[in-house]
Amino acid sequence: MLDERFLAATRASYDVMAAEYAEKVGSDLDAKPLDRALLAAFAELAQAGRNGPVADVGCGPGQVTAELHRLGLNAFGIDLSPEMIAVARRTYPDVRFEVGSMLALGLPQASLGGLLAYYSIIHIPWERRSDVFFEFHRVLAPGGQLMLVFQVGDDQGHRAEAFGKAICVDWYRQQPDEIAELLRHAGFEVWATITRQPDLAEKTPQGYVLARKPVAES
């Protein structure tokens, strides 16, 4: 029941504000050189692995999925919100987008060469993160790359309004070292944790974790 309640509330909230949210974040990467550089590194690693397509999980209106596509990846987006997916499909008609949940991606085992979760694990209750990371591990091929991006902190909160509309969204900040430990427990090799200080538009430091599913032993 917990999954159904928080997933339904998150889905409905992003459905309501899809158009406004897309307009707000559409050009975000233009002012984030570190994010662009790390996405390029992630893309290079995923391409080198030759392990299959790359999923942008929690893709929202698709701007980061499109960046991965521009970087040469066979990238596609997955999001909980049907309205967000509709916006993404209209904005980037040459990129594949589909509705889905990161708790149950509906993808074959070991079918992905890479998986990005760009500010999307922030709506997962802390106690469910391991379930998400085990699911990420399941769908990645051996040697598949993982990149997570999130706000750094120890607090959680609730938002009831956005763009003048009623929503119901819980958010959870993360500690990079804790995320790294949870990923190791799920079977990943963690090779980089990065924290940068907030820019003028941000309230907290921002965290990045890069990891991979170990290459199968011969």
# chains A, B, ... in the order shown; residues from 1 in each chain; ligands from 1

$ residues_around --residues "Gln145 in chain A" --least-positions-apart "3" --cutoff "8 Å" --atoms "only C-alpha atoms" --output "VMD selection string"
chain A and resid 42 45 to 46 113 to 115 140 210 to 213

$ write_last_selection --atoms "all heavy atoms" --output "PDB file, in the first residue's frame"
ATOM      1  N   PHE A  42      30.019   9.785 -18.473  1.00  0.00           N
ATOM      2  CA  PHE A  42      29.117   8.643 -18.364  1.00  0.00           C
ATOM      3  C   PHE A  42      28.806   8.062 -19.747  1.00  0.00           C
ATOM      4  O   PHE A  42      28.837   6.845 -19.951  1.00  0.00           O
ATOM      5  CB  PHE A  42      27.829   9.100 -17.671  1.00  0.00           C
ATOM      6  CG  PHE A  42      26.691   8.113 -17.735  1.00  0.00           C
ATOM      7  CD1 PHE A  42      26.676   6.987 -16.939  1.00  0.00           C
ATOM      8  CD2 PHE A  42      25.619   8.343 -18.595  1.00  0.00           C
ATOM      9  CE1 PHE A  42      25.624   6.085 -17.004  1.00  0.00           C
ATOM     10  CE2 PHE A  42      24.566   7.454 -18.669  1.00  0.00           C
ATOM     11  CZ  PHE A  42      24.569   6.322 -17.868  1.00  0.00           C
ATOM     12  N   LEU A  45      31.824   6.131 -21.108  1.00  0.00           N
ATOM     13  CA  LEU A  45      31.961   4.836 -20.446  1.00  0.00           C
ATOM     14  C   LEU A  45      30.915   3.844 -20.948  1.00  0.00           C
ATOM     15  O   LEU A  45      31.216   2.668 -21.191  1.00  0.00           O
ATOM     16  CB  LEU A  45      31.836   5.010 -18.937  1.00  0.00           C
ATOM     17  CG  LEU A  45      33.001   5.739 -18.249  1.00  0.00           C
ATOM     18  CD1 LEU A  45      32.590   6.171 -16.851  1.00  0.00           C
ATOM     19  CD2 LEU A  45      34.232   4.838 -18.197  1.00  0.00           C
ATOM     20  N   ALA A  46      29.682   4.305 -21.097  1.00  0.00           N
ATOM     21  CA  ALA A  46      28.616   3.422 -21.568  1.00  0.00           C
ATOM     22  C   ALA A  46      28.876   2.962 -23.002  1.00  0.00           C
ATOM     23  O   ALA A  46      28.646   1.798 -23.352  1.00  0.00           O
ATOM     24  CB  ALA A  46      27.267   4.134 -21.467  1.00  0.00           C
ATOM     25  N   GLY A 113      23.063  -1.021 -21.150  1.00  0.00           N
ATOM     26  CA  GLY A 113      24.473  -0.686 -21.037  1.00  0.00           C
ATOM     27  C   GLY A 113      24.736   0.442 -20.063  1.00  0.00           C
ATOM     28  O   GLY A 113      25.874   0.675 -19.647  1.00  0.00           O
ATOM     29  N   GLY A 114      23.698   1.172 -19.707  1.00  0.00           N
ATOM     30  CA  GLY A 114      23.848   2.276 -18.769  1.00  0.00           C
ATOM     31  C   GLY A 114      22.506   2.711 -18.230  1.00  0.00           C
ATOM     32  O   GLY A 114      21.461   2.478 -18.861  1.00  0.00           O
ATOM     33  N   LEU A 115      22.531   3.333 -17.059  1.00  0.00           N
ATOM     34  CA  LEU A 115      21.302   3.843 -16.443  1.00  0.00           C
ATOM     35  C   LEU A 115      21.637   5.128 -15.711  1.00  0.00           C
ATOM     36  O   LEU A 115      22.560   5.176 -14.892  1.00  0.00           O
ATOM     37  CB  LEU A 115      20.713   2.800 -15.491  1.00  0.00           C
ATOM     38  CG  LEU A 115      19.305   3.062 -14.956  1.00  0.00           C
ATOM     39  CD1 LEU A 115      18.609   1.738 -14.586  1.00  0.00           C
ATOM     40  CD2 LEU A 115      19.310   3.983 -13.736  1.00  0.00           C
ATOM     41  N   LEU A 140      20.844  -3.813 -15.561  1.00  0.00           N
ATOM     42  CA  LEU A 140      22.120  -3.483 -16.196  1.00  0.00           C
ATOM     43  C   LEU A 140      22.875  -4.751 -16.577  1.00  0.00           C
ATOM     44  O   LEU A 140      22.917  -5.727 -15.829  1.00  0.00           O
ATOM     45  CB  LEU A 140      22.984  -2.642 -15.262  1.00  0.00           C
ATOM     46  CG  LEU A 140      22.652  -1.145 -15.205  1.00  0.00           C
ATOM     47  CD1 LEU A 140      23.339  -0.502 -14.018  1.00  0.00           C
ATOM     48  CD2 LEU A 140      23.064  -0.453 -16.506  1.00  0.00           C
ATOM     49  N   LEU A 210      28.987   7.750  -9.459  1.00  0.00           N
ATOM     50  CA  LEU A 210      29.146   6.915 -10.643  1.00  0.00           C
ATOM     51  C   LEU A 210      29.605   5.534 -10.210  1.00  0.00           C
ATOM     52  O   LEU A 210      30.494   5.401  -9.354  1.00  0.00           O
ATOM     53  CB  LEU A 210      30.147   7.528 -11.620  1.00  0.00           C
ATOM     54  CG  LEU A 210      29.671   8.847 -12.250  1.00  0.00           C
ATOM     55  CD1 LEU A 210      30.311  10.029 -11.541  1.00  0.00           C
ATOM     56  CD2 LEU A 210      29.980   8.886 -13.730  1.00  0.00           C
ATOM     57  N   ALA A 211      28.977   4.520 -10.786  1.00  0.00           N
ATOM     58  CA  ALA A 211      29.264   3.140 -10.408  1.00  0.00           C
ATOM     59  C   ALA A 211      29.055   2.253 -11.625  1.00  0.00           C
ATOM     60  O   ALA A 211      28.608   2.710 -12.681  1.00  0.00           O
ATOM     61  CB  ALA A 211      28.353   2.705  -9.263  1.00  0.00           C
ATOM     62  N   ARG A 212      29.395   0.984 -11.483  1.00  0.00           N
ATOM     63  CA  ARG A 212      29.107   0.049 -12.562  1.00  0.00           C
ATOM     64  C   ARG A 212      28.788  -1.315 -11.972  1.00  0.00           C
ATOM     65  O   ARG A 212      29.184  -1.660 -10.851  1.00  0.00           O
ATOM     66  CB  ARG A 212      30.293  -0.075 -13.524  1.00  0.00           C
ATOM     67  CG  ARG A 212      31.480  -0.840 -12.982  1.00  0.00           C
ATOM     68  CD  ARG A 212      32.468  -1.172 -14.093  1.00  0.00           C
ATOM     69  NE  ARG A 212      33.549  -2.016 -13.566  1.00  0.00           N
ATOM     70  CZ  ARG A 212      34.439  -2.639 -14.337  1.00  0.00           C
ATOM     71  NH1 ARG A 212      34.385  -2.482 -15.662  1.00  0.00           N
ATOM     72  NH2 ARG A 212      35.392  -3.384 -13.820  1.00  0.00           N
ATOM     73  N   LYS A 213      28.050  -2.091 -12.749  1.00  0.00           N
ATOM     74  CA  LYS A 213      27.826  -3.482 -12.417  1.00  0.00           C
ATOM     75  C   LYS A 213      29.080  -4.245 -12.798  1.00  0.00           C
ATOM     76  O   LYS A 213      29.599  -4.072 -13.903  1.00  0.00           O
ATOM     77  CB  LYS A 213      26.626  -4.016 -13.186  1.00  0.00           C
ATOM     78  CG  LYS A 213      26.240  -5.444 -12.847  1.00  0.00           C
ATOM     79  CD  LYS A 213      24.946  -5.818 -13.537  1.00  0.00           C
ATOM     80  CE  LYS A 213      24.522  -7.234 -13.213  1.00  0.00           C
ATOM     81  NZ  LYS A 213      23.205  -7.567 -13.824  1.00  0.00           N
TER      82      LYS A 213
END

$ residues_around --residues "Thr10 in chain A" --least-positions-apart "6" --cutoff "9 Å" --atoms "only C-alpha atoms" --output "list in words"
Leu80, Ser81, His123, Ile167, Cys168, Val169 and Asp170 of chain A

$ residues_around --residues "Glu4 in chain A" --least-positions-apart "5" --cutoff "12 Å" --atoms "only C-alpha atoms" --output "VMD selection string"
chain A and resid 9 to 12 101 103

$ write_last_selection --atoms "N, CA, C and O atoms" --output "mmCIF file, in the first residue's frame"
data_model
loop_
_atom_site.group_PDB
_atom_site.id
_atom_site.type_symbol
_atom_site.label_atom_id
_atom_site.label_comp_id
_atom_site.auth_asym_id
_atom_site.auth_seq_id
_atom_site.Cartn_x
_atom_site.Cartn_y
_atom_site.Cartn_z
ATOM 1 N N ALA A 9 0.678 9.544 -5.659
ATOM 2 C CA ALA A 9 0.752 10.969 -5.347
ATOM 3 C C ALA A 9 1.819 11.659 -6.199
ATOM 4 O O ALA A 9 1.602 12.763 -6.719
ATOM 5 N N THR A 10 2.966 11.017 -6.365
ATOM 6 C CA THR A 10 4.034 11.600 -7.177
ATOM 7 C C THR A 10 3.620 11.683 -8.638
ATOM 8 O O THR A 10 3.831 12.702 -9.311
ATOM 9 N N ARG A 11 3.020 10.622 -9.129
ATOM 10 C CA ARG A 11 2.556 10.605 -10.527
ATOM 11 C C ARG A 11 1.538 11.709 -10.778
ATOM 12 O O ARG A 11 1.655 12.482 -11.751
ATOM 13 N N ALA A 12 0.550 11.815 -9.916
ATOM 14 C CA ALA A 12 -0.502 12.815 -10.102
ATOM 15 C C ALA A 12 0.063 14.230 -10.025
ATOM 16 O O ALA A 12 -0.349 15.124 -10.777
ATOM 17 N N SER A 101 8.000 2.759 -13.642
ATOM 18 C CA SER A 101 8.427 3.048 -12.272
ATOM 19 C C SER A 101 9.811 2.463 -12.028
ATOM 20 O O SER A 101 10.093 1.323 -12.424
ATOM 21 N N LEU A 103 10.900 1.347 -9.366
ATOM 22 C CA LEU A 103 10.802 0.200 -8.468
ATOM 23 C C LEU A 103 10.526 -1.093 -9.224
ATOM 24 O O LEU A 103 10.766 -2.185 -8.699
#

$ residues_around --residues "Glu67 in chain A" --least-positions-apart "2" --cutoff "10 Å" --atoms "only C-alpha atoms" --output "PyMOL selection string"
chain A and resi 29+36+39-40+43+62-65+69-73+75

$ closest_residue --among "A:Ala31, A:Ala88, A:Ala66, A:Ala8" --to "Leu200 in chain A" --atoms "only C-alpha atoms"
A:Ala31

$ residues_around --residues "Leu107 in chain A" --least-positions-apart "4" --cutoff "9 Å" --atoms "only C-alpha atoms" --output "MDAnalysis selection string"
chainID A and resid 111:112 139

$ write_last_selection --atoms "N, CA and C atoms" --output "short mmCIF file (atom, residue, chain, number, x, y, z; two decimals), in the first residue's frame"
data_model
loop_
_atom_site.label_atom_id
_atom_site.label_comp_id
_atom_site.auth_asym_id
_atom_site.auth_seq_id
_atom_site.Cartn_x
_atom_site.Cartn_y
_atom_site.Cartn_z
N SER A 111 19.73 -5.98 -19.65
CA SER A 111 19.42 -5.47 -20.99
C SER A 111 19.97 -4.08 -21.27
N LEU A 112 20.54 -3.41 -20.27
CA LEU A 112 20.99 -2.03 -20.44
C LEU A 112 22.50 -1.91 -20.33
N VAL A 139 18.67 -4.79 -14.18
CA VAL A 139 18.48 -4.47 -15.60
C VAL A 139 19.78 -4.10 -16.30
#

$ select_by_dssp --residues "range 58-128 of chain A" --states "alpha helix (DSSP H)" --output "ChimeraX atom specification"
/A:63-70,82-91

$ residues_around --residues "Leu38 in chain A" --least-positions-apart "4" --cutoff "12 Å" --atoms "only C-alpha atoms" --output "PDB file with N, CA and C atoms, in the first residue's frame"
ATOM      1  N   LEU A  29      20.612  22.507 -18.230  1.00  0.00           N
ATOM      2  CA  LEU A  29      21.978  22.038 -18.448  1.00  0.00           C
ATOM      3  C   LEU A  29      22.884  23.127 -19.014  1.00  0.00           C
ATOM      4  N   LYS A  32      25.091  24.421 -16.319  1.00  0.00           N
ATOM      5  CA  LYS A  32      25.685  23.415 -15.440  1.00  0.00           C
ATOM      6  C   LYS A  32      26.853  22.707 -16.143  1.00  0.00           C
ATOM      7  N   PRO A  33      27.997  23.354 -16.219  1.00  0.00           N
ATOM      8  CA  PRO A  33      29.121  22.750 -16.939  1.00  0.00           C
ATOM      9  C   PRO A  33      29.610  21.442 -16.324  1.00  0.00           C
ATOM     10  N   LEU A  34      29.580  21.327 -14.993  1.00  0.00           N
ATOM     11  CA  LEU A  34      30.034  20.083 -14.376  1.00  0.00           C
ATOM     12  C   LEU A  34      29.082  18.946 -14.727  1.00  0.00           C
ATOM     13  N   PHE A  42      30.019   9.785 -18.473  1.00  0.00           N
ATOM     14  CA  PHE A  42      29.117   8.643 -18.364  1.00  0.00           C
ATOM     15  C   PHE A  42      28.806   8.062 -19.747  1.00  0.00           C
ATOM     16  N   ALA A  43      28.546   8.933 -20.718  1.00  0.00           N
ATOM     17  CA  ALA A  43      28.247   8.479 -22.076  1.00  0.00           C
ATOM     18  C   ALA A  43      29.439   7.754 -22.684  1.00  0.00           C
ATOM     19  N   GLU A  44      30.639   8.280 -22.468  1.00  0.00           N
ATOM     20  CA  GLU A  44      31.836   7.634 -23.014  1.00  0.00           C
ATOM     21  C   GLU A  44      32.033   6.244 -22.409  1.00  0.00           C
ATOM     22  N   LEU A  45      31.824   6.131 -21.108  1.00  0.00           N
ATOM     23  CA  LEU A  45      31.961   4.836 -20.446  1.00  0.00           C
ATOM     24  C   LEU A  45      30.915   3.844 -20.948  1.00  0.00           C
ATOM     25  N   GLU A  67      20.035  14.990 -24.261  1.00  0.00           N
ATOM     26  CA  GLU A  67      21.469  15.257 -24.192  1.00  0.00           C
ATOM     27  C   GLU A  67      22.263  13.965 -24.343  1.00  0.00           C
ATOM     28  N   LEU A  68      21.815  12.892 -23.703  1.00  0.00           N
ATOM     29  CA  LEU A  68      22.485  11.605 -23.863  1.00  0.00           C
ATOM     30  C   LEU A  68      22.420  11.134 -25.313  1.00  0.00           C
ATOM     31  N   LEU A  71      24.899  12.944 -27.297  1.00  0.00           N
ATOM     32  CA  LEU A  71      26.251  12.458 -27.021  1.00  0.00           C
ATOM     33  C   LEU A  71      26.538  11.121 -27.699  1.00  0.00           C
ATOM     34  N   LEU A 116      20.890   6.170 -16.020  1.00  0.00           N
ATOM     35  CA  LEU A 116      21.021   7.471 -15.368  1.00  0.00           C
ATOM     36  C   LEU A 116      19.765   7.754 -14.565  1.00  0.00           C
ATOM     37  N   TYR A 118      18.727  11.095 -12.843  1.00  0.00           N
ATOM     38  CA  TYR A 118      19.120  12.502 -12.685  1.00  0.00           C
ATOM     39  C   TYR A 118      18.052  13.213 -11.860  1.00  0.00           C
ATOM     40  N   LEU A 146      26.298   3.193 -14.192  1.00  0.00           N
ATOM     41  CA  LEU A 146      25.231   3.839 -13.435  1.00  0.00           C
ATOM     42  C   LEU A 146      25.684   5.221 -12.999  1.00  0.00           C
ATOM     43  N   MET A 147      24.793   6.207 -13.138  1.00  0.00           N
ATOM     44  CA  MET A 147      25.069   7.553 -12.640  1.00  0.00           C
ATOM     45  C   MET A 147      23.840   8.083 -11.924  1.00  0.00           C
ATOM     46  N   LEU A 148      24.047   8.553 -10.702  1.00  0.00           N
ATOM     47  CA  LEU A 148      22.987   9.135  -9.891  1.00  0.00           C
ATOM     48  C   LEU A 148      23.337  10.590  -9.584  1.00  0.00           C
ATOM     49  N   VAL A 149      22.319  11.451  -9.616  1.00  0.00           N
ATOM     50  CA  VAL A 149      22.497  12.872  -9.279  1.00  0.00           C
ATOM     51  C   VAL A 149      21.380  13.261  -8.313  1.00  0.00           C
ATOM     52  N   ALA A 192      33.309   6.700  -8.225  1.00  0.00           N
ATOM     53  CA  ALA A 192      33.424   8.148  -8.013  1.00  0.00           C
ATOM     54  C   ALA A 192      32.227   8.667  -7.228  1.00  0.00           C
ATOM     55  N   THR A 193      32.492   9.460  -6.203  1.00  0.00           N
ATOM     56  CA  THR A 193      31.463  10.257  -5.534  1.00  0.00           C
ATOM     57  C   THR A 193      31.955  11.698  -5.546  1.00  0.00           C
ATOM     58  N   ILE A 194      31.078  12.594  -5.964  1.00  0.00           N
ATOM     59  CA  ILE A 194      31.459  13.998  -6.152  1.00  0.00           C
ATOM     60  C   ILE A 194      30.408  14.874  -5.480  1.00  0.00           C
ATOM     61  N   GLY A 207      25.072  16.279  -5.347  1.00  0.00           N
ATOM     62  CA  GLY A 207      25.867  15.059  -5.290  1.00  0.00           C
ATOM     63  C   GLY A 207      25.771  14.244  -6.565  1.00  0.00           C
ATOM     64  N   TYR A 208      26.879  13.573  -6.873  1.00  0.00           N
ATOM     65  CA  TYR A 208      26.973  12.718  -8.061  1.00  0.00           C
ATOM     66  C   TYR A 208      27.677  11.428  -7.644  1.00  0.00           C
ATOM     67  N   VAL A 209      27.126  10.310  -8.034  1.00  0.00           N
ATOM     68  CA  VAL A 209      27.767   9.021  -7.789  1.00  0.00           C
ATOM     69  C   VAL A 209      27.802   8.253  -9.102  1.00  0.00           C
ATOM     70  N   LEU A 210      28.987   7.750  -9.459  1.00  0.00           N
ATOM     71  CA  LEU A 210      29.146   6.915 -10.643  1.00  0.00           C
ATOM     72  C   LEU A 210      29.605   5.534 -10.210  1.00  0.00           C
TER      73      LEU A 210
END

$ atom_distance --atom1 "CA of His185 in chain A" --atom2 "CA of Arg129 in chain A"
11.2 Å

$ residues_around --residues "range 172-177 of chain A" --least-positions-apart "5" --cutoff "9 Å" --atoms "only C-alpha atoms" --output "PyMOL selection string"
chain A and resi 121-126+150-158+182+193-195+207-209

$ atom_distance --atom1 "CA of Arg89 in chain A" --atom2 "CA of Arg5 in chain A"
26.7 Å

$ closest_residue --among "A:Gly164, A:Gly100, A:Pro93, A:Pro142" --to "Val57 in chain A" --atoms "only C-alpha atoms"
A:Gly100
